[in-house]
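J.: One file: protein.cif (mmCIF, C-alpha atoms and all ligand atoms).
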```cif
data_target
#
loop_
_atom_site.label_atom_id
_atom_site.label_comp_id
_atom_site.auth_asym_id
_atom_site.auth_seq_id
_atom_site.Cartn_x
_atom_site.Cartn_y
_atom_site.Cartn_z
CA MET A 45 28.95 -32.94 -30.48
CA SER A 46 32.69 -32.41 -30.77
CA VAL A 47 34.17 -28.96 -31.25
CA LEU A 48 36.10 -30.58 -34.13
CA ARG A 49 32.89 -31.04 -36.11
CA GLY A 50 33.27 -29.39 -39.54
CA LYS A 51 36.90 -28.49 -38.90
CA LYS A 52 39.46 -29.02 -41.68
CA ILE A 53 42.39 -30.87 -40.19
CA LEU A 54 45.71 -31.30 -41.97
CA LEU A 55 47.75 -34.12 -40.47
CA GLY A 56 51.49 -34.10 -41.14
CA ILE A 57 53.22 -37.41 -40.45
CA SER A 58 56.99 -37.66 -40.08
CA GLY A 59 59.09 -40.80 -40.02
CA GLY A 60 58.97 -42.47 -36.64
CA ILE A 61 57.51 -45.76 -35.45
CA ALA A 62 54.63 -43.85 -33.81
CA ALA A 63 53.40 -43.12 -37.35
CA TYR A 64 51.48 -46.42 -37.15
CA LYS A 65 49.17 -44.78 -34.58
CA THR A 66 48.06 -42.12 -37.05
CA ALA A 67 45.56 -44.56 -38.58
CA SER A 68 43.60 -44.38 -35.30
CA LEU A 69 44.15 -40.64 -35.12
CA VAL A 70 42.60 -40.10 -38.57
CA ARG A 71 39.67 -42.36 -37.58
CA LEU A 72 39.03 -40.35 -34.42
CA PHE A 73 39.13 -37.02 -36.27
CA ILE A 74 36.68 -38.34 -38.87
CA LYS A 75 34.42 -39.73 -36.13
CA ALA A 76 34.42 -36.30 -34.47
CA GLY A 77 33.04 -34.86 -37.72
CA ALA A 78 36.24 -33.28 -39.07
CA GLN A 79 37.55 -33.37 -42.63
CA VAL A 80 41.07 -34.74 -42.79
CA LYS A 81 43.90 -34.44 -45.33
CA VAL A 82 47.25 -36.12 -44.79
CA ILE A 83 50.79 -35.15 -45.76
CA MET A 84 53.58 -37.66 -45.17
CA THR A 85 57.33 -37.23 -45.22
CA PRO A 86 59.00 -39.80 -47.51
CA ALA A 87 60.48 -41.56 -44.44
CA SER A 88 57.10 -42.00 -42.76
CA LYS A 89 55.93 -44.25 -45.60
CA ASP A 90 58.17 -46.99 -44.20
CA PHE A 91 55.97 -47.10 -41.10
CA ILE A 92 52.43 -46.79 -42.51
CA THR A 93 51.10 -46.85 -46.06
CA PRO A 94 49.53 -43.87 -47.82
CA LEU A 95 46.75 -46.24 -48.94
CA THR A 96 45.70 -46.88 -45.32
CA LEU A 97 45.57 -43.17 -44.62
CA SER A 98 43.82 -42.15 -47.82
CA THR A 99 41.19 -44.85 -47.21
CA LEU A 100 40.58 -43.67 -43.66
CA SER A 101 40.70 -39.94 -44.46
CA LYS A 102 38.71 -40.34 -47.71
CA ASN A 103 41.21 -37.96 -49.34
CA PRO A 104 44.36 -38.45 -51.42
CA VAL A 105 47.53 -38.49 -49.35
CA HIS A 106 50.42 -36.28 -50.48
CA SER A 107 54.08 -36.87 -49.77
CA SER A 108 56.02 -35.08 -52.49
CA PHE A 109 55.72 -31.92 -54.56
CA PHE A 110 54.97 -34.15 -57.57
CA ASP A 111 53.41 -37.58 -57.69
CA GLU A 112 56.37 -39.57 -59.09
CA GLU A 113 54.30 -42.52 -60.34
CA ASP A 114 51.84 -40.36 -62.22
CA LYS A 115 52.98 -39.50 -65.76
CA ASN A 116 50.63 -36.49 -65.84
CA ALA A 117 51.80 -35.43 -62.45
CA VAL A 118 50.38 -32.21 -61.05
CA TRP A 119 52.15 -30.07 -58.54
CA ASN A 120 50.92 -30.62 -54.97
CA ASN A 121 50.41 -27.06 -53.93
CA HIS A 122 51.67 -26.74 -50.37
CA VAL A 123 50.29 -23.20 -50.04
CA GLU A 124 46.81 -24.37 -50.99
CA LEU A 125 46.98 -27.26 -48.51
CA ALA A 126 48.16 -24.93 -45.76
CA LEU A 127 45.40 -22.40 -46.44
CA TRP A 128 42.75 -25.13 -46.62
CA ALA A 129 43.44 -26.20 -43.04
CA ASP A 130 41.80 -24.83 -39.88
CA ILE A 131 44.24 -26.89 -37.83
CA PHE A 132 47.61 -28.40 -38.75
CA ILE A 133 48.86 -31.20 -36.54
CA ILE A 134 52.26 -32.76 -36.98
CA ALA A 135 52.20 -36.20 -35.38
CA PRO A 136 54.53 -37.85 -34.86
CA ALA A 137 56.95 -34.94 -34.91
CA THR A 138 60.40 -36.52 -35.02
CA ALA A 139 63.55 -34.79 -33.75
CA ASN A 140 64.66 -34.38 -37.36
CA THR A 141 61.40 -32.79 -38.55
CA MET A 142 61.24 -30.47 -35.55
CA SER A 143 64.79 -29.28 -36.08
CA LYS A 144 63.95 -28.52 -39.72
CA MET A 145 60.76 -26.71 -38.65
CA VAL A 146 62.87 -24.57 -36.32
CA SER A 147 65.45 -23.68 -38.98
CA GLY A 148 62.96 -23.01 -41.77
CA ASN A 149 64.10 -25.92 -43.92
CA ALA A 150 61.62 -26.75 -46.69
CA ASP A 151 63.08 -29.85 -48.29
CA ASN A 152 59.85 -31.87 -48.28
CA LEU A 153 56.14 -31.18 -48.77
CA LEU A 154 55.33 -31.37 -45.05
CA LEU A 155 57.94 -28.75 -44.16
CA ALA A 156 57.01 -26.41 -47.03
CA THR A 157 53.36 -26.67 -45.96
CA TYR A 158 54.35 -25.95 -42.35
CA LEU A 159 56.14 -22.77 -43.45
CA SER A 160 53.05 -21.67 -45.40
CA ALA A 161 50.53 -22.42 -42.64
CA LYS A 162 48.60 -19.55 -41.10
CA CYS A 163 46.36 -21.73 -38.95
CA GLN A 164 47.08 -23.09 -35.46
CA VAL A 165 49.85 -25.72 -35.58
CA TYR A 166 50.11 -28.50 -32.99
CA PHE A 167 53.02 -30.90 -32.79
CA ALA A 168 53.19 -34.22 -30.96
CA PRO A 169 56.83 -35.24 -30.51
CA ALA A 170 57.88 -38.88 -30.53
CA MET A 171 61.39 -40.22 -30.04
CA ASP A 172 63.59 -42.26 -27.74
CA LEU A 173 63.97 -41.02 -24.17
CA ASP A 174 67.56 -39.76 -24.44
CA MET A 175 66.78 -37.89 -27.66
CA TYR A 176 63.72 -36.40 -25.92
CA LYS A 177 65.88 -35.05 -23.10
CA HIS A 178 68.72 -33.77 -25.29
CA THR A 179 69.38 -30.05 -24.94
CA SER A 180 68.92 -29.45 -28.67
CA THR A 181 65.51 -31.17 -28.59
CA LEU A 182 64.41 -29.19 -25.53
CA ASP A 183 65.64 -26.04 -27.28
CA ASN A 184 63.59 -26.93 -30.36
CA PHE A 185 60.46 -27.45 -28.23
CA LYS A 186 60.93 -23.95 -26.83
CA LYS A 187 61.57 -22.39 -30.22
CA LEU A 188 58.58 -24.05 -31.84
CA GLN A 189 56.37 -22.88 -28.96
CA SER A 190 57.79 -19.37 -29.31
CA PHE A 191 56.59 -19.47 -32.96
CA GLY A 192 53.04 -20.01 -31.59
CA ASN A 193 52.97 -23.76 -32.24
CA ILE A 194 51.35 -25.81 -29.48
CA MET A 195 53.14 -28.86 -28.16
CA ILE A 196 51.23 -32.00 -27.24
CA PRO A 197 53.78 -33.52 -24.85
CA ALA A 198 54.96 -37.07 -25.28
CA GLU A 199 53.88 -39.65 -22.73
CA SER A 200 55.97 -42.03 -20.64
CA GLY A 201 56.02 -45.75 -21.22
CA GLU A 202 57.69 -48.50 -23.15
CA LEU A 203 59.56 -47.25 -26.21
CA ALA A 204 60.37 -48.98 -29.49
CA SER A 205 64.01 -49.21 -28.41
CA GLY A 206 62.98 -51.42 -25.52
CA LEU A 207 63.79 -48.69 -23.04
CA SER A 208 61.12 -47.20 -20.89
CA GLY A 209 60.60 -43.47 -20.27
CA GLU A 210 59.34 -40.22 -21.75
CA GLY A 211 59.16 -39.98 -25.52
CA ARG A 212 56.14 -42.02 -26.65
CA MET A 213 53.85 -40.00 -28.86
CA ALA A 214 50.65 -39.10 -26.96
CA GLU A 215 47.93 -41.70 -27.56
CA PRO A 216 45.53 -40.72 -30.40
CA GLU A 217 42.60 -40.36 -27.93
CA ASN A 218 44.72 -37.99 -25.83
CA ILE A 219 45.79 -35.96 -28.87
CA VAL A 220 42.14 -35.50 -29.87
CA ALA A 221 41.11 -34.59 -26.29
CA PHE A 222 44.03 -32.13 -26.03
CA ILE A 223 43.06 -30.33 -29.23
CA GLU A 224 39.35 -30.32 -28.31
CA GLN A 225 40.10 -28.77 -24.92
CA ASP A 226 42.40 -26.19 -26.43
CA LEU A 227 39.80 -25.17 -29.03
CA LEU A 228 37.01 -25.05 -26.43
CA ALA A 229 39.06 -22.83 -24.13
CA LYS A 230 39.55 -20.34 -26.97
CA LEU A 231 35.91 -20.11 -28.09
CA PRO A 232 34.60 -16.53 -27.93
CA LEU A 233 31.65 -17.22 -25.62
CA LYS A 234 33.61 -19.52 -23.29
CA GLY A 235 32.44 -18.98 -19.70
CA LYS A 236 29.26 -17.10 -20.69
CA LYS A 237 25.99 -18.52 -19.39
CA ILE A 238 23.03 -18.17 -21.71
CA LEU A 239 19.39 -18.94 -20.98
CA VAL A 240 17.24 -19.65 -24.05
CA THR A 241 13.49 -20.27 -23.98
CA ALA A 242 11.96 -22.20 -26.88
CA GLY A 243 8.77 -23.77 -28.17
CA PRO A 244 5.15 -23.32 -27.21
CA THR A 245 3.56 -23.74 -23.81
CA TYR A 246 0.51 -25.92 -23.19
CA GLU A 247 -2.11 -24.62 -20.76
CA ALA A 248 -4.28 -27.41 -19.41
CA ILE A 249 -8.07 -27.21 -19.71
CA ASP A 250 -8.71 -30.64 -18.22
CA PRO A 251 -6.63 -33.84 -17.94
CA VAL A 252 -6.74 -34.43 -21.72
CA ARG A 253 -7.04 -30.99 -23.36
CA PHE A 254 -4.91 -27.90 -23.50
CA ILE A 255 -4.54 -24.50 -25.17
CA GLY A 256 -1.36 -24.41 -27.26
CA ASN A 257 0.14 -22.88 -30.38
CA HIS A 258 1.99 -23.94 -33.52
CA SER A 259 5.50 -22.94 -32.44
CA SER A 260 7.94 -25.69 -33.47
CA GLY A 261 10.70 -24.48 -31.14
CA LYS A 262 13.20 -24.51 -34.02
CA MET A 263 14.28 -20.88 -33.61
CA GLY A 264 15.15 -21.34 -29.93
CA TYR A 265 16.91 -24.68 -30.52
CA ASP A 266 18.98 -23.14 -33.33
CA ILE A 267 19.98 -20.26 -31.03
CA ALA A 268 20.93 -22.70 -28.25
CA LEU A 269 23.12 -24.70 -30.63
CA ALA A 270 24.72 -21.61 -32.22
CA ALA A 271 25.62 -20.25 -28.76
CA ALA A 272 27.02 -23.60 -27.58
CA VAL A 273 29.13 -23.93 -30.74
CA GLN A 274 30.70 -20.58 -29.74
CA GLY A 275 31.49 -22.00 -26.30
CA ALA A 276 28.60 -20.68 -24.19
CA GLU A 277 27.04 -22.78 -21.44
CA VAL A 278 23.42 -22.92 -22.49
CA THR A 279 20.34 -23.62 -20.40
CA LEU A 280 17.53 -24.32 -22.83
CA VAL A 281 14.09 -24.14 -21.20
CA SER A 282 11.89 -25.81 -23.73
CA GLY A 283 8.14 -26.13 -24.03
CA PRO A 284 6.70 -29.31 -25.63
CA THR A 285 8.42 -30.06 -28.96
CA HIS A 286 9.77 -33.09 -30.78
CA LEU A 287 13.14 -31.43 -31.31
CA LYS A 288 16.30 -32.91 -29.84
CA LEU A 289 19.62 -31.26 -29.18
CA GLU A 290 22.64 -33.16 -27.98
CA HIS A 291 25.58 -30.96 -27.11
CA GLU A 292 27.72 -31.16 -24.00
CA LEU A 293 27.27 -27.42 -23.40
CA VAL A 294 23.46 -27.49 -23.63
CA ASN A 295 21.34 -28.42 -20.63
CA ILE A 296 17.71 -28.87 -21.62
CA ILE A 297 14.98 -28.30 -19.03
CA ARG A 298 11.67 -29.53 -20.42
CA VAL A 299 8.52 -27.81 -19.23
CA THR A 300 4.88 -27.81 -20.31
CA SER A 301 3.08 -24.71 -19.05
CA ALA A 302 3.92 -21.00 -18.90
CA GLU A 303 4.00 -21.26 -15.09
CA GLU A 304 6.62 -24.04 -15.26
CA MET A 305 8.67 -22.05 -17.77
CA TYR A 306 8.42 -18.97 -15.52
CA ASN A 307 9.67 -20.95 -12.51
CA ALA A 308 12.51 -22.65 -14.43
CA CYS A 309 13.75 -19.34 -15.88
CA ASN A 310 13.52 -17.41 -12.64
CA ALA A 311 15.31 -20.16 -10.72
CA CYS A 312 18.48 -19.90 -12.84
CA PHE A 313 18.35 -16.22 -13.85
CA ASP A 314 20.84 -14.81 -11.30
CA ASP A 315 23.63 -16.97 -12.76
CA MET A 316 22.96 -15.94 -16.36
CA ASP A 317 24.82 -13.43 -18.51
CA VAL A 318 22.37 -13.49 -21.41
CA VAL A 319 18.72 -14.43 -21.93
CA VAL A 320 17.15 -15.04 -25.31
CA ALA A 321 13.39 -15.49 -25.01
CA ALA A 322 12.35 -17.26 -28.19
CA ALA A 323 9.43 -19.20 -26.68
CA ALA A 324 5.89 -18.57 -27.84
CA VAL A 325 4.47 -18.42 -24.34
CA ALA A 326 0.68 -18.60 -23.97
CA ASP A 327 -0.63 -15.19 -22.89
CA TYR A 328 -3.73 -16.70 -21.26
CA LYS A 329 -4.54 -19.91 -19.42
CA PRO A 330 -7.79 -21.42 -18.13
CA LYS A 331 -8.70 -19.92 -14.78
CA VAL A 332 -9.65 -23.32 -13.46
CA VAL A 333 -8.29 -26.66 -14.66
CA ALA A 334 -11.07 -29.25 -14.51
CA GLU A 335 -10.03 -32.28 -12.50
CA GLN A 336 -12.05 -34.65 -14.68
CA LYS A 337 -12.46 -34.71 -18.44
CA ILE A 338 -15.13 -32.16 -19.39
CA LYS A 339 -18.15 -33.91 -20.92
CA LYS A 340 -20.02 -32.31 -23.80
CA SER A 341 -23.42 -30.99 -22.79
CA ASP A 342 -24.68 -27.69 -24.20
CA THR A 343 -24.18 -26.48 -27.74
CA GLU A 344 -21.99 -23.68 -26.50
CA PHE A 345 -19.09 -23.86 -24.14
CA ALA A 346 -16.88 -21.13 -22.73
CA ILE A 347 -13.66 -21.25 -20.78
CA ALA A 348 -12.76 -18.40 -18.47
CA LEU A 349 -9.13 -17.39 -19.06
CA GLU A 350 -6.67 -15.43 -16.99
CA LYS A 351 -3.31 -13.92 -17.91
CA THR A 352 -0.17 -16.01 -17.58
CA LYS A 353 2.86 -14.42 -15.95
CA ASP A 354 5.09 -12.62 -18.42
CA ILE A 355 8.40 -14.44 -18.07
CA LEU A 356 10.53 -11.92 -19.93
CA SER A 357 9.05 -8.95 -18.02
CA SER A 358 9.78 -10.66 -14.72
CA LEU A 359 13.42 -11.17 -15.80
CA GLY A 360 13.58 -7.56 -17.05
CA GLU A 361 12.55 -6.37 -13.57
CA ARG A 362 15.25 -8.48 -11.91
CA LYS A 363 17.94 -7.60 -14.45
CA THR A 364 21.36 -6.64 -13.08
CA LYS A 365 24.15 -7.50 -15.54
CA GLN A 366 22.12 -9.60 -17.98
CA PHE A 367 21.80 -8.89 -21.70
CA LEU A 368 18.12 -9.51 -22.45
CA VAL A 369 16.94 -10.42 -25.92
CA GLY A 370 13.24 -10.73 -26.66
CA PHE A 371 11.18 -11.59 -29.72
CA ALA A 372 8.16 -9.74 -31.00
CA LEU A 373 5.69 -11.07 -33.52
CA GLU A 374 3.64 -8.20 -34.88
CA THR A 375 1.10 -7.69 -37.61
CA GLU A 376 0.67 -3.90 -37.50
CA ASN A 377 2.70 -0.85 -36.40
CA GLU A 378 5.53 -3.34 -36.12
CA ILE A 379 8.45 -1.05 -35.27
CA GLU A 380 6.46 1.10 -32.82
CA ASN A 381 5.03 -1.92 -31.00
CA ALA A 382 8.47 -3.54 -30.83
CA LYS A 383 9.95 -0.36 -29.34
CA LEU A 384 7.20 -0.29 -26.70
CA LYS A 385 8.04 -3.89 -25.83
CA ILE A 386 11.72 -3.01 -25.38
CA ARG A 387 10.79 -0.46 -22.69
CA LYS A 388 7.96 -2.49 -21.14
CA LYS A 389 10.15 -5.58 -20.70
CA ASN A 390 13.44 -3.72 -20.06
CA LEU A 391 15.19 -5.40 -23.03
CA ASP A 392 18.57 -4.73 -24.64
CA LEU A 393 17.57 -6.10 -28.02
CA ILE A 394 14.39 -7.21 -29.70
CA VAL A 395 14.10 -9.50 -32.70
CA LEU A 396 11.06 -8.34 -34.61
CA ASN A 397 9.19 -10.77 -36.83
CA SER A 398 6.61 -9.20 -39.01
CA LEU A 399 3.93 -11.55 -40.25
CA ASN A 400 3.57 -9.15 -43.20
CA ASP A 401 6.88 -10.42 -44.51
CA GLU A 402 6.81 -13.37 -46.86
CA GLY A 403 8.65 -16.38 -45.40
CA ALA A 404 8.49 -15.23 -41.77
CA GLY A 405 6.81 -16.81 -38.80
CA PHE A 406 5.54 -20.06 -37.33
CA GLY A 407 6.27 -23.38 -38.99
CA LYS A 408 8.47 -21.80 -41.68
CA ALA A 409 12.12 -22.67 -42.23
CA THR A 410 12.96 -19.02 -42.84
CA ASN A 411 12.63 -15.77 -40.93
CA LYS A 412 12.78 -12.12 -41.92
CA VAL A 413 13.68 -10.17 -38.85
CA THR A 414 14.57 -6.65 -37.83
CA PHE A 415 16.87 -6.10 -34.87
CA ILE A 416 16.03 -3.12 -32.68
CA ASP A 417 18.37 -2.20 -29.84
CA SER A 418 17.63 -0.30 -26.65
CA SER A 419 18.53 3.00 -28.36
CA PHE A 420 15.82 2.17 -30.93
CA VAL A 421 18.30 1.69 -33.77
CA ALA A 422 16.55 -0.64 -36.23
CA GLU A 423 18.50 -3.02 -38.47
CA PRO A 424 16.37 -4.84 -41.04
CA MET A 425 17.86 -8.18 -42.14
CA ASP A 426 17.36 -10.16 -45.34
CA LEU A 427 15.17 -13.26 -45.52
CA LYS A 428 17.32 -15.95 -43.91
CA THR A 429 17.10 -19.51 -42.66
CA LYS A 430 16.46 -19.88 -38.94
CA GLU A 431 20.04 -21.17 -38.52
CA GLU A 432 21.33 -17.95 -40.09
CA VAL A 433 19.08 -15.80 -37.89
CA ALA A 434 20.36 -17.76 -34.86
CA ALA A 435 23.95 -17.04 -35.95
CA ASP A 436 23.08 -13.33 -36.30
CA ILE A 437 21.62 -13.26 -32.78
CA VAL A 438 24.73 -14.96 -31.38
CA ASN A 439 26.84 -12.39 -33.24
CA LYS A 440 24.93 -9.62 -31.46
CA ILE A 441 25.82 -11.32 -28.16
CA LYS A 442 29.49 -11.48 -29.22
CA ILE A 443 29.43 -7.77 -30.12
CA ARG A 444 27.96 -7.03 -26.66
CA TYR A 445 31.00 -8.72 -25.07
CA ASN A 446 33.52 -7.46 -27.67
CA VAL A 447 34.54 -11.01 -28.61
N1 LIG B 1 7.08 -13.69 -23.43
C1 LIG B 1 7.33 -14.22 -22.18
N2 LIG B 1 6.30 -14.56 -21.36
C2 LIG B 1 5.02 -14.39 -21.74
C3 LIG B 1 4.76 -13.84 -23.03
C4 LIG B 1 5.81 -13.50 -23.84
O1 LIG B 1 8.50 -14.38 -21.80
N3 LIG B 1 4.03 -14.75 -20.93
C5 LIG B 1 8.20 -13.29 -24.28
C6 LIG B 1 8.33 -14.03 -25.57
O2 LIG B 1 9.15 -15.18 -25.45
C7 LIG B 1 8.93 -12.98 -26.50
C8 LIG B 1 8.41 -11.66 -25.95
O3 LIG B 1 8.02 -11.96 -24.62
O4 LIG B 1 10.33 -12.96 -26.39
C9 LIG B 1 7.31 -11.04 -26.71
O5 LIG B 1 6.19 -11.79 -26.71
P1 LIG B 1 4.84 -11.36 -27.51
O6 LIG B 1 3.87 -12.46 -27.31
O7 LIG B 1 5.18 -10.95 -28.89
O8 LIG B 1 4.43 -10.08 -26.80
P2 LIG B 1 3.45 -9.80 -25.62
O9 LIG B 1 4.24 -9.12 -24.59
O10 LIG B 1 2.76 -11.05 -25.22
O11 LIG B 1 2.46 -8.77 -26.22
P3 LIG B 1 1.28 -8.96 -27.32
O12 LIG B 1 0.94 -10.43 -27.37
O13 LIG B 1 0.24 -8.11 -26.83
O14 LIG B 1 1.88 -8.49 -28.62
#
```
Translate this structure into structure tokens?
Ligand code: CTP
T.:
Amino acid sequence: MSVLRGKKILLGISGGIAAYKTASLVRLFIKAGAQVKVIMTPASKDFITPLTLSTLSKNPVHSSFFDEEDKNAVWNNHVELALWADIFIIAPATANTMSKMVSGNADNLLLATYLSAKCQVYFAPAMDLDMYKHTSTLDNFKKLQSFGNIMIPAESGELASGLSGEGRMAEPENIVAFIEQDLLAKLPLKGKKILVTAGPTYEAIDPVRFIGNHSSGKMGYDIALAAAVQGAEVTLVSGPTHLKLEHELVNIIRVTSAEEMYNACNACFDDMDVVVAAAAVADYKPKVVAEQKIKKSDTEFAIALEKTKDILSSLGERKTKQFLVGFALETENEIENAKLKIRKKNLDLIVLNSLNDEGAGFGKATNKVTFIDSSFVAEPMDLKTKEEVAADIVNKIKIRYNV
């Protein structure tokens, strides 16, 4: 999943031959899951049509303060467009447009929008090689960068003039990769390693039967995704579930039993900064696993059970720098029991689910949780979707690291 997913991208096109490449650029942004709006300078319309770009972006394309052909013309509000955007990219950025950006000229919609923009601005220059090397152009690059704008350098190759050298606008794929890398590097949890456990565990009785529970794994998967979206490298140790999660920052280790989950978590724990234990681990397992399928015989049948290893407690004992988050599902004396669990498992935060709350618990889309920290400060939350609870948990992690 691209970091551009859900981002609002404003693309400003100025008048150079490289404008023809912006059709591919819009396509790539849309494919990455972004919303795209396009502003064109009047000159750029000689190189690519607004119709092409509005079709690809699925949004009207603006190029003047008023739509000249429309009798009931409305004002294209440059401030609104600028505030709408999470990212503003000017590609191609011609020598002329860049010099106007530097001097604060606002004689077209693109420039007025640029002056109003509060979001991150990227610019991808495109021009002939001698123009690219001219002192005034180099000066403008420096000035624009000093304003906080990020330059996506031109590439070398054959130019429209027939000459060959530096000045070709970066290829659309490279522009997208550049922006993705820049955004990823700035994410708040970049570089943090987070271990999340999710789902139930299955404890074998014989080759065909097991003891399990109704955990869907959704809470843990939502936490893993929310942390990855904030830039964390996530190891998701998951018990059996049908859920899928495809994200380049999430590594899923699939396990079946509590013992396997214990081993997987302990193997990677030293490297981790944070652990969120959202799995509903079986507390007991059959003492002996029958090698053959157990045949029915008597009217009654009993299985001797023994305790599984407590994964979170084992991590709590080994804790050095890690921020440990556990869950507690309680039906009585909720707060007191949760506090005991914080001490018993050496946790920094516990997410308490009370089954007494409507909408909380297994198989539900919502959760009503109370956060309790290691100083026993309790923070009851409203009834929320599991995605929202996941975002709240990730926020607690961000607060821990002051990011
Ligand atoms: N947990 C774990 N390993 C286990 C059991 C639980 O890592 N073998 C974790 C869960 O993922 C959860 C927390 O410990 O984050 C609390 O689990 P819970 O079952 O509520 O508490 P228990 O310690 O098992 O106590 P009890 O069942 O008696 O309430």
J.: Which residues of chain A sit at most 7 Å from ligand LIG 1 (chain B), using only C-alpha atoms and all ligand atoms? Give each one's shortest atom pair and distance in Å (one decimal place), in chain and ascending residue order, as a tab-separated table.
T.:
```
residue	atom	partner	partner_atom	distance
A:Thr241	CA	B:LIG1	O2	6.8
A:Ala302	CA	B:LIG1	N3	6.6
A:Ala321	CA	B:LIG1	O4	4.2
A:Ala322	CA	B:LIG1	O2	4.7
A:Ala323	CA	B:LIG1	O2	4.2
A:Ala324	CA	B:LIG1	O2	5.3
A:Val325	CA	B:LIG1	C3	4.8
A:Ala326	CA	B:LIG1	N3	5.9
A:Asp327	CA	B:LIG1	N3	5.1
A:Thr352	CA	B:LIG1	N3	5.5
A:Lys353	CA	B:LIG1	N3	5.1
A:Asp354	CA	B:LIG1	N3	3.5
A:Ile355	CA	B:LIG1	O1	3.7
A:Leu356	CA	B:LIG1	O1	3.7
A:Ser357	CA	B:LIG1	O1	6.6
A:Gly370	CA	B:LIG1	O4	3.7
A:Phe371	CA	B:LIG1	O4	3.7
A:Ala372	CA	B:LIG1	O7	3.8
A:Leu373	CA	B:LIG1	O7	4.7
A:Glu374	CA	B:LIG1	O14	6.5
A:Lys385	CA	B:LIG1	O9	6.6
```
J.: So which residues are close to (-6.2, -19.8, -25.7), meaning at most 9 Å away in the file's coordinates with only C-alpha atoms counted, and can you show them as a list of chain:residue names?
T.: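 Protein, DNA and RNA residues close to (-6.2, -19.8, -25.7): A:Glu247, A:Phe254, A:Ile255, A:Gly256, A:Asn257, A:Ala326, A:Asp327, A:Tyr328, A:Lys329, A:Pro330, A:Leu349.
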J.: I'd like to know which of A:Asn397, A:Thr375, A:Asn446, A:Gln274 is closest to Pro232 in chain A, using only C-alpha atoms.
T.: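 Going through A:Asn397, A:Thr375, A:Asn446, A:Gln274 one by one, the smallest distance to Pro232 in chain A is for A:Gln274.
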J.: What's around range 177-185 of chain A at 7 Å? Count only C-alpha atoms, leave out sequence neighbours fewer than 6 positions away in its own chain, and write the answer as a list of chain:residue names.
T.: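 Close residues of range 177-185 of chain A: A:Ala139, A:Met142, A:Ser143, A:Val146.
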J.: With only C-alpha atoms counted, which protein, DNA or RNA residues have an atom no more than 12 Å from (11.0, -18.1, -44.1) in the file frame? Please answer as a list in words.
T.: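 Applying the cut-off with only C-alpha atoms, one gets Met263, Asn397, Ser398, Leu399, Asn400, Asp401, Glu402, Gly403, Ala404, Gly405, Phe406, Gly407, Lys408, Ala409, Thr410, Asn411, Lys412, Val413, Asp426, Leu427, Lys428, Thr429, Lys430, Glu431, Glu432 and Val433 of chain A.
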J.: To one decimal place in Å, what is the distance between CA of Lys442 in chain A and CA of Asp392 in chain A?
T.: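 According to the coordinates, CA of Lys442 in chain A and CA of Asp392 in chain A are separated by 13.6 Å.
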J.: Using only C-alpha atoms, which of the listed residues (A:Ala272, A:Met305, A:Leu227, A:Leu159) sits closest to Leu127 in chain A?
T.: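 Between A:Ala272, A:Met305, A:Leu227, A:Leu159, the residue approaching Leu127 in chain A most closely is A:Leu159.
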J.: For Ile53 in chain A, find every residue with an atom within 7 Å (counting all atoms listed in the file), except residues of its own chain fewer than 5 positions away, and show them as JSON, numbers by chain.
T.: {"A": [78, 79, 80, 81, 129, 130, 131, 132]}
J.: Out of A:Asn310, A:Thr85, A:Thr157, A:Asn381, which residue has the shortest atom-to-atom distance to Pro136 in chain A when counting all atoms listed in the file?
T.: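 Closest to Pro136 in chain A of all the choices is A:Thr85.
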J.: Would you mind telling me which residue in A:Lys236, A:Arg71, A:Lys186, A:Lys89 lies nearest to Arg444 in chain A when using only C-alpha atoms?
T.: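 Counting only C-alpha atoms, the residue closest to Arg444 in chain A is A:Lys236.
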J.: Nearest to Ala156 in chain A among A:Lys52, A:Lys144, A:Lys389, A:Arg298, with distances taken over all atoms listed in the file: which residue is it?
T.: A:Lys144
J.: Applying 9 Å and only C-alpha atoms, which residues near Gly261 in chain A remain after dropping the ones on its own chain fewer than 5 positions away? List them as a ChimeraX atom specification.
T.: /A:241-244,266,282-287,322-324
J.: Give me, please, the distance in Å between CA of Lys75 in chain A and CA of Arg49 in chain A, quoted to one decimal.
T.: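 We find that CA of Lys75 in chain A and CA of Arg49 in chain A lie 8.8 Å from each other.
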J.: Counting all atoms listed in the file, figure out which residue out of A:Pro216, A:Gly264, A:Gly275, A:Pro251 gets nearest to Lys230 in chain A.
T.: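 Of the candidates, the smallest distance to Lys230 in chain A is held by A:Gly275.
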